Every structure is written in structure tokens, then in C-alpha cells.
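Visitor: To start, I am sharing the structure in question, which I have written as C-alpha cells.
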Amino acid sequence: MKNFVIYTLYFLISFLIFAGMEKDSITNILKKNAEIDSPGAIIFFTWIFILSAIVYLFSEWILKNKDAKKEEIETNYYEPNGNLVQNIQSHDPEFDALQFQKNVGTLVEKLNKAWCENKMGNVRNLVSAGVYNRFKIQLDLMKKQGIKNVMQHWALSSVDLIEVATDEDYQTAHIQIFAYAKDLNLGYDVSKEVIEKLFSEARQTPYTEIFSFVRKKTGKTFKGKSLLEGNCPNCGAPIEGLGESNQCNHCHTIINSGEYDWVLAEITQVEVWNESQSSKNINLSEFKAKNKLAAKQIIEDRASYLFWRYMESLAVGSVEPIKRDCKIDLANNWISEKILYSDIAVGAVDLKEIYFEGDEIFAEVYIQWSQNFNPEESLFTLSLAPSANKNSGLAENSCTNCGAPYPDSDAHACEYCNHPIPKVVNDWLLTTIEDY
Ligand SMILES: [Zn+2]
Ligand SMILES: [Zn+2]
């Protein structure tokens, strides 16, 4: 409607200029018309009105069709750079880059659906603990603020393997995705009619992100039987119907550990991705000789998980959500302040320092993040006791008997199988949080 007013003014002004150039004033035009038959002013404005209406309706029709076309976007799977593929195939000759990109496309769609429906449990098996908790806690925090994110006309336009990084233990495949969506943050009580109206006016906007997949260097491709295609990466059994459990029904392997197959471990905005790439390489061999959990990918995913748990603890003003993942000292001296941040985003999670203190290993992880578009920098120190020995790589600690996630409460037994839950998990524990 705003356009219609603009068009009317446009035609009115152009007509007046035109009339002026013809050395004929507007009053003359009006007078001339008036002499012929009817009041000239009415005819003049009627013509302006009709002309504007035609242009307005035509432009709306074009925009609508343009929108409809965007929805039919076909996904492009680019032929990846040969050197990148070679880099992966030198560890895994069966690796099929094009198939991998297609599987990633399917995962992006599943993730999107789970996010929109607020059912992150549906993708728990397909992503790392850090990624799963990020989405789950983000949704919880938005709900606490009375906000929900709604999306329409989502379309994936390309999936492209752009970088492969190899460290001592893991390979990371970075995939750039381009997509379009109408994306709105709305109040929980906004009616369906209002949502439809807002969407009809919203534009389908493009966005791009880097999805980083991690796999142990010893992992291998089994054609048609990958985690992203819905199979246990160890025995190939279908993982459908596992619900929130992260354990295969047949071989009891932890599915999303990254030990056997690619698992989504990070989603980064393109702008910060370049920076996070340049992190220094720390030699971890002396630490890994003591404990296999001293791997960069495992530490960073764990820190990312702890960051989101910390945000949840702040939101509820209690140590409870992070208690099982903290060192006793930190949990006992927790200062319970309630802070509900909005628009939390994590840029980089980067292992900076690692050292021994006695038998214990300490890791300092730098976290670059923002809340409500204010930049923040934190340093999380994690510690690993000699007795910590979990076997699930990048996956979250879960019930050792049935694989179900631990409850958010301080319950002492698994709610699915009644197996006892430890007070503190067997993993890297949060020791201190400082401003960087
Ligand atoms: Zn299995
Ligand atoms: Zn259980």
C-alpha cells in the first residue's frame, strides 16, 4: 500500500513537471477540461489514480512471482576441489565428496525442521554435544523471554566443501552453505493470522554459514550406511526410533562421537570463521599419552557445551543446569545471579593453553561471543582428572546403560532405565570462568 501512495505522488509530480515544460500551467489544463464537459480536476486525478493502480498491481504481481520462483531453488552441489578430496581420501579411499555434500544438505534440512518445531531431540544423534546444546538452550532461553523464531520459504541453494583441516587425531571438513528464508522473531502469543500477514510482507533473504564436520582420522566411509543417512556408523543398523538416546540398539556404540563417522561439531558465521581458522596449533601428544580426551576437537566441543550450560545457569539463576559438569569447588562457591541474555551468539571457541598440575590436566579455552550484539570474550578453564575416561568423544555424557540424556534436574537415576547418575561426570570439568 505504501508503494501505491509513492506511485500516485510520482505520477502527480511528473504530470505537473510535464505540464510546466509545455508552458501550460496546471490551472490551464484543469480549465480546458472544464470547458469541454466535466470538472477537469476530477478527470485529471482519476487518471493519475488509475495509472498508479495499474503500476502498483503490476509491480506486486512481479514481486509475488519472483518470490514463488525463489522457493523452487534447486540445490547446487559443487564439484569439490580435488586437493581437498585427496586429503580425506588419503585416510579413507572410499570417501565420496559429492555424496557427502548431499548428506550434509539433508542434515541442514533436518536441523532446520527440528529448530522450527522445537524438537531438537530428533537430531541429537546427528550432531555433537556442543551443537545440540547450543540449539536446545537457545530455544529454551528464547521461550523464557517469550520469543519464538519462525521461518518460512526456506530453500537451500548450495552446499560446497571449501576446506579440510587435519590435526593429530581428527579431520575437519568445512562446508559452506547458502540458503534463503523468511525469518522472523515473534512473541509467543502472536496469532496465526498475524504471522501469515507478516510472512506475506516479509522478504526471502539469503544467508551463508560454515558447517564444520569432525571425524577421527581412523574413520571410514561405508557406502549407503553413514550416520547422515540414518545408520549406526559402527554396525550399519538403522538409527530410526532411538529417540533421544545416543546409543545404537544393536552394538551399543555412541553414535555421535565422531569416532567412526562425520559429526557436525560447529556452525560459524563466515566473517568469524576465517579468524577461528588461524588458531595456533598446540602440541598435545604429551597430554594425550596420559588421557585420550586431551584432543583439541574434544576440548573445544566440551567448552562450547559448557558455555551454553553456563548461559542456562545464568538464566535460571542457579548452578543446577551445570552442576554435574563443574568441579566441586566451583559448584560450591557458585554465585547465583540471574541474567537472561538475549541474542546470544558464539563466534570462536579456541584452545589456547594446556598444562599439568600434578596428575590433572588443565585446558584454557578462549570463547568469543556476543549478547544483544555486544561483543564479549571469556576464558573457560577446564580440568581433567586422571580417572576421567568417558568413551564418547564429541558426544554428550549420557546414561551409560541406555544412552538417554541426563535430566536437567539433579535427579540421581536415569528417567528411562533407572540406572544411577553420577554426581559429577567423567569428563573435562569447568573449573573457572574469567573475562578475557
Ligand atoms: Zn551399531
Ligand atoms: Zn538409562
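Numbering starts fresh at 1 for the residues of each chain in the C-alpha cells, the chains themselves are lettered A, B, ... in the order given, and ligands are numbered from 1 as they appear.
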Could you give me the residues within 6 Å of ligand 2, counting only C-alpha atoms and all ligand atoms, as a CSV table (one decimal) with N, CA, C and O atoms, in the first residue's frame?
Guide:
```csv
chain,number,residue,atom,x,y,z
A,399,CYS,N,23.3,-41.6,29.9
A,399,CYS,CA,23.2,-42.7,30.7
A,399,CYS,C,24.1,-43.9,30.1
A,399,CYS,O,23.9,-44.2,29.0
A,401,ASN,N,23.9,-46.9,30.7
A,401,ASN,CA,23.2,-48.1,30.4
A,401,ASN,C,22.3,-48.0,29.1
A,401,ASN,O,22.4,-48.9,28.3
A,402,CYS,N,21.6,-46.9,29.0
A,402,CYS,CA,20.6,-46.8,27.9
A,402,CYS,C,20.9,-45.7,26.9
A,402,CYS,O,20.3,-45.6,25.8
A,403,GLY,N,21.8,-44.8,27.2
A,403,GLY,CA,22.2,-43.8,26.2
A,403,GLY,C,21.3,-42.5,26.3
A,403,GLY,O,21.4,-41.6,25.5
A,404,ALA,N,20.3,-42.5,27.2
A,404,ALA,CA,19.4,-41.4,27.3
A,404,ALA,C,20.1,-40.2,27.9
A,404,ALA,O,21.1,-40.3,28.6
A,414,CYS,N,18.5,-42.4,36.1
A,414,CYS,CA,18.0,-42.2,34.7
A,414,CYS,C,16.5,-42.3,34.6
A,414,CYS,O,16.0,-43.3,35.2
A,416,TYR,N,14.7,-43.1,32.2
A,416,TYR,CA,14.3,-44.1,31.2
A,416,TYR,C,14.5,-45.5,31.8
A,416,TYR,O,13.7,-46.4,31.7
A,417,CYS,N,15.7,-45.7,32.4
A,417,CYS,CA,16.1,-47.1,32.8
A,417,CYS,C,16.4,-47.2,34.3
A,417,CYS,O,16.8,-48.3,34.8
A,418,ASN,N,16.4,-46.1,35.0
A,418,ASN,CA,16.6,-46.1,36.4
A,418,ASN,C,18.1,-46.3,36.9
A,418,ASN,O,18.4,-46.5,38.0
A,419,HIS,N,18.9,-46.4,35.9
A,419,HIS,CA,20.4,-46.5,36.2
A,419,HIS,C,20.9,-45.3,36.9
A,419,HIS,O,20.5,-44.2,36.6
```
Visitor: Could you give me, as a list in words, the residues within 12 Å of Ile195 in chain A, counting only C-alpha atoms and dropping anything in the same chain fewer than 2 positions from it?
Guide: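 After dropping sequence-adjacent residues, the list is Lys148, Asn149, Val150, Met151, Gln152, Lys182, Asp183, Leu184, Asn185, Leu186, Gly187, Tyr188, Asp189, Val190, Ser191, Lys192, Glu193, Lys197, Leu198, Phe199, Ser200, Glu201 and Ala202 of chain A.
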Visitor: I need the residues from that last selection saved to file as a tab-separated table (two decimals), in the first residue's frame (with N, CA and C atoms), if you can.
Guide:
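Final file, again_0.tsv:
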```
chain	number	residue	atom	x	y	z
A	148	LYS	N	9.61	-16.52	19.96
A	148	LYS	CA	9.88	-17.71	19.15
A	148	LYS	C	10.33	-17.28	17.76
A	149	ASN	N	11.19	-18.13	17.18
A	149	ASN	CA	11.69	-17.85	15.84
A	149	ASN	C	10.86	-18.66	14.85
A	150	VAL	N	10.28	-17.97	13.87
A	150	VAL	CA	9.51	-18.71	12.85
A	150	VAL	C	10.12	-18.46	11.48
A	151	MET	N	10.06	-19.50	10.66
A	151	MET	CA	10.71	-19.46	9.37
A	151	MET	C	9.76	-20.00	8.32
A	152	GLN	N	9.82	-19.40	7.13
A	152	GLN	CA	9.02	-19.89	6.00
A	152	GLN	C	9.84	-19.76	4.74
A	182	LYS	N	12.52	-16.73	4.90
A	182	LYS	CA	11.82	-15.64	5.57
A	182	LYS	C	11.90	-16.00	7.04
A	183	ASP	N	12.53	-15.13	7.83
A	183	ASP	CA	12.90	-15.49	9.19
A	183	ASP	C	12.42	-14.38	10.13
A	184	LEU	N	11.54	-14.72	11.08
A	184	LEU	CA	11.02	-13.69	11.98
A	184	LEU	C	11.09	-14.13	13.43
A	185	ASN	N	11.42	-13.20	14.33
A	185	ASN	CA	11.33	-13.45	15.77
A	185	ASN	C	10.05	-12.79	16.27
A	186	LEU	N	9.17	-13.61	16.83
A	186	LEU	CA	7.86	-13.09	17.23
A	186	LEU	C	7.54	-13.46	18.67
A	187	GLY	N	6.60	-12.76	19.23
A	187	GLY	CA	6.13	-13.08	20.58
A	187	GLY	C	5.38	-14.41	20.56
A	188	TYR	N	5.39	-15.11	21.70
A	188	TYR	CA	4.76	-16.43	21.75
A	188	TYR	C	3.25	-16.38	21.49
A	189	ASP	N	2.64	-15.23	21.84
A	189	ASP	CA	1.18	-15.17	21.76
A	189	ASP	C	0.67	-14.56	20.45
A	190	VAL	N	1.55	-14.34	19.47
A	190	VAL	CA	1.11	-13.76	18.19
A	190	VAL	C	0.22	-14.79	17.47
A	191	SER	N	-0.94	-14.32	16.97
A	191	SER	CA	-1.90	-15.25	16.37
A	191	SER	C	-1.43	-15.72	15.00
A	192	LYS	N	-2.01	-16.85	14.56
A	192	LYS	CA	-1.66	-17.44	13.26
A	192	LYS	C	-1.91	-16.45	12.13
A	193	GLU	N	-3.03	-15.72	12.22
A	193	GLU	CA	-3.40	-14.77	11.16
A	193	GLU	C	-2.33	-13.68	11.04
A	197	LYS	N	0.18	-12.84	7.91
A	197	LYS	CA	0.24	-11.49	7.33
A	197	LYS	C	1.69	-10.98	7.30
A	198	LEU	N	2.40	-11.19	8.43
A	198	LEU	CA	3.79	-10.72	8.49
A	198	LEU	C	4.65	-11.44	7.45
A	199	PHE	N	4.38	-12.75	7.30
A	199	PHE	CA	5.15	-13.52	6.31
A	199	PHE	C	4.85	-13.06	4.89
A	200	SER	N	3.58	-12.69	4.64
A	200	SER	CA	3.24	-12.28	3.27
A	200	SER	C	3.96	-10.98	2.92
A	201	GLU	N	4.33	-10.20	3.95
A	201	GLU	CA	5.05	-8.95	3.70
A	201	GLU	C	6.56	-9.11	3.79
A	202	ALA	N	7.02	-10.21	4.44
A	202	ALA	CA	8.47	-10.39	4.68
A	202	ALA	C	9.17	-10.79	3.38
```
Visitor: Please return as a ChimeraX atom specification: the residues of range 229-345 of chain A that backbone DSSP assigns to strand (DSSP E).
Guide: /A:263-269,345
Visitor: Quick one: residues within 7 Å of ligand 1, with only C-alpha atoms and all ligand atoms, as a list in words?
Guide: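 Here is the list of contacting residues: Cys232, Pro233, Asn234, Cys235, Gly236, Ala237, Cys248, Asn249, His250, Cys251, His252 and Thr253 of chain A.
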Visitor: Keeping only N, CA, C and O atoms, write those residues as an mmCIF file, in the first residue's frame.
Guide:
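Full text of again-v8.cif as output:
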```cif
data_model
loop_
_atom_site.group_PDB
_atom_site.id
_atom_site.type_symbol
_atom_site.label_atom_id
_atom_site.label_comp_id
_atom_site.auth_asym_id
_atom_site.auth_seq_id
_atom_site.Cartn_x
_atom_site.Cartn_y
_atom_site.Cartn_z
ATOM 1 N N CYS A 232 23.837 -46.527 12.015
ATOM 2 C CA CYS A 232 24.883 -46.577 13.032
ATOM 3 C C CYS A 232 26.229 -46.604 12.306
ATOM 4 O O CYS A 232 26.441 -47.445 11.434
ATOM 5 N N PRO A 233 27.142 -45.690 12.641
ATOM 6 C CA PRO A 233 28.407 -45.636 11.908
ATOM 7 C C PRO A 233 29.327 -46.813 12.213
ATOM 8 O O PRO A 233 30.330 -47.002 11.538
ATOM 9 N N ASN A 234 28.980 -47.615 13.203
ATOM 10 C CA ASN A 234 29.819 -48.774 13.515
ATOM 11 C C ASN A 234 29.284 -50.065 12.890
ATOM 12 O O ASN A 234 29.992 -50.747 12.164
ATOM 13 N N CYS A 235 27.971 -50.367 13.113
ATOM 14 C CA CYS A 235 27.447 -51.652 12.616
ATOM 15 C C CYS A 235 26.476 -51.473 11.450
ATOM 16 O O CYS A 235 26.079 -52.458 10.828
ATOM 17 N N GLY A 236 26.069 -50.236 11.134
ATOM 18 C CA GLY A 236 25.201 -50.001 9.972
ATOM 19 C C GLY A 236 23.712 -50.161 10.249
ATOM 20 O O GLY A 236 22.889 -49.917 9.377
ATOM 21 N N ALA A 237 23.347 -50.545 11.478
ATOM 22 C CA ALA A 237 21.916 -50.711 11.798
ATOM 23 C C ALA A 237 21.211 -49.351 11.714
ATOM 24 O O ALA A 237 21.813 -48.329 12.025
ATOM 25 N N CYS A 248 23.552 -46.954 19.873
ATOM 26 C CA CYS A 248 22.968 -47.887 18.901
ATOM 27 C C CYS A 248 22.308 -49.054 19.650
ATOM 28 O O CYS A 248 22.883 -49.595 20.593
ATOM 29 N N ASN A 249 21.114 -49.434 19.200
ATOM 30 C CA ASN A 249 20.378 -50.545 19.810
ATOM 31 C C ASN A 249 21.100 -51.872 19.671
ATOM 32 O O ASN A 249 20.937 -52.769 20.479
ATOM 33 N N HIS A 250 21.870 -52.005 18.578
ATOM 34 C CA HIS A 250 22.485 -53.298 18.258
ATOM 35 C C HIS A 250 23.873 -53.474 18.857
ATOM 36 O O HIS A 250 24.139 -54.454 19.527
ATOM 37 N N CYS A 251 24.751 -52.475 18.582
ATOM 38 C CA CYS A 251 26.148 -52.667 19.024
ATOM 39 C C CYS A 251 26.516 -51.755 20.195
ATOM 40 O O CYS A 251 27.650 -51.791 20.663
ATOM 41 N N HIS A 252 25.550 -50.936 20.648
ATOM 42 C CA HIS A 252 25.731 -50.041 21.800
ATOM 43 C C HIS A 252 26.834 -49.001 21.630
ATOM 44 O O HIS A 252 27.329 -48.445 22.612
ATOM 45 N N THR A 253 27.210 -48.749 20.373
ATOM 46 C CA THR A 253 28.169 -47.677 20.096
ATOM 47 C C THR A 253 27.513 -46.322 20.347
ATOM 48 O O THR A 253 26.332 -46.154 20.063
#
```
Visitor: Pick out the residues sitting within 12 Å of Pro407 in chain A, and hand them over as a ChimeraX atom specification; count only C-alpha atoms, and ignore anything fewer than 2 positions along from it in its own chain.
Guide: /A:244,320-324,397-399,403-405,409-416,418,420-422
Visitor: Measure the distance from CA of Gly241 in chain A to CA of Ile255 in chain A in Å and round it to one decimal.
Guide: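 These two atoms are separated by 13.4 Å.
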Visitor: Ranking A:Thr75, A:Asn118, A:Ser52, A:Thr218 by minimum distance to Thr166 in chain A and counting only C-alpha atoms, which one comes first?
Guide: A:Thr218
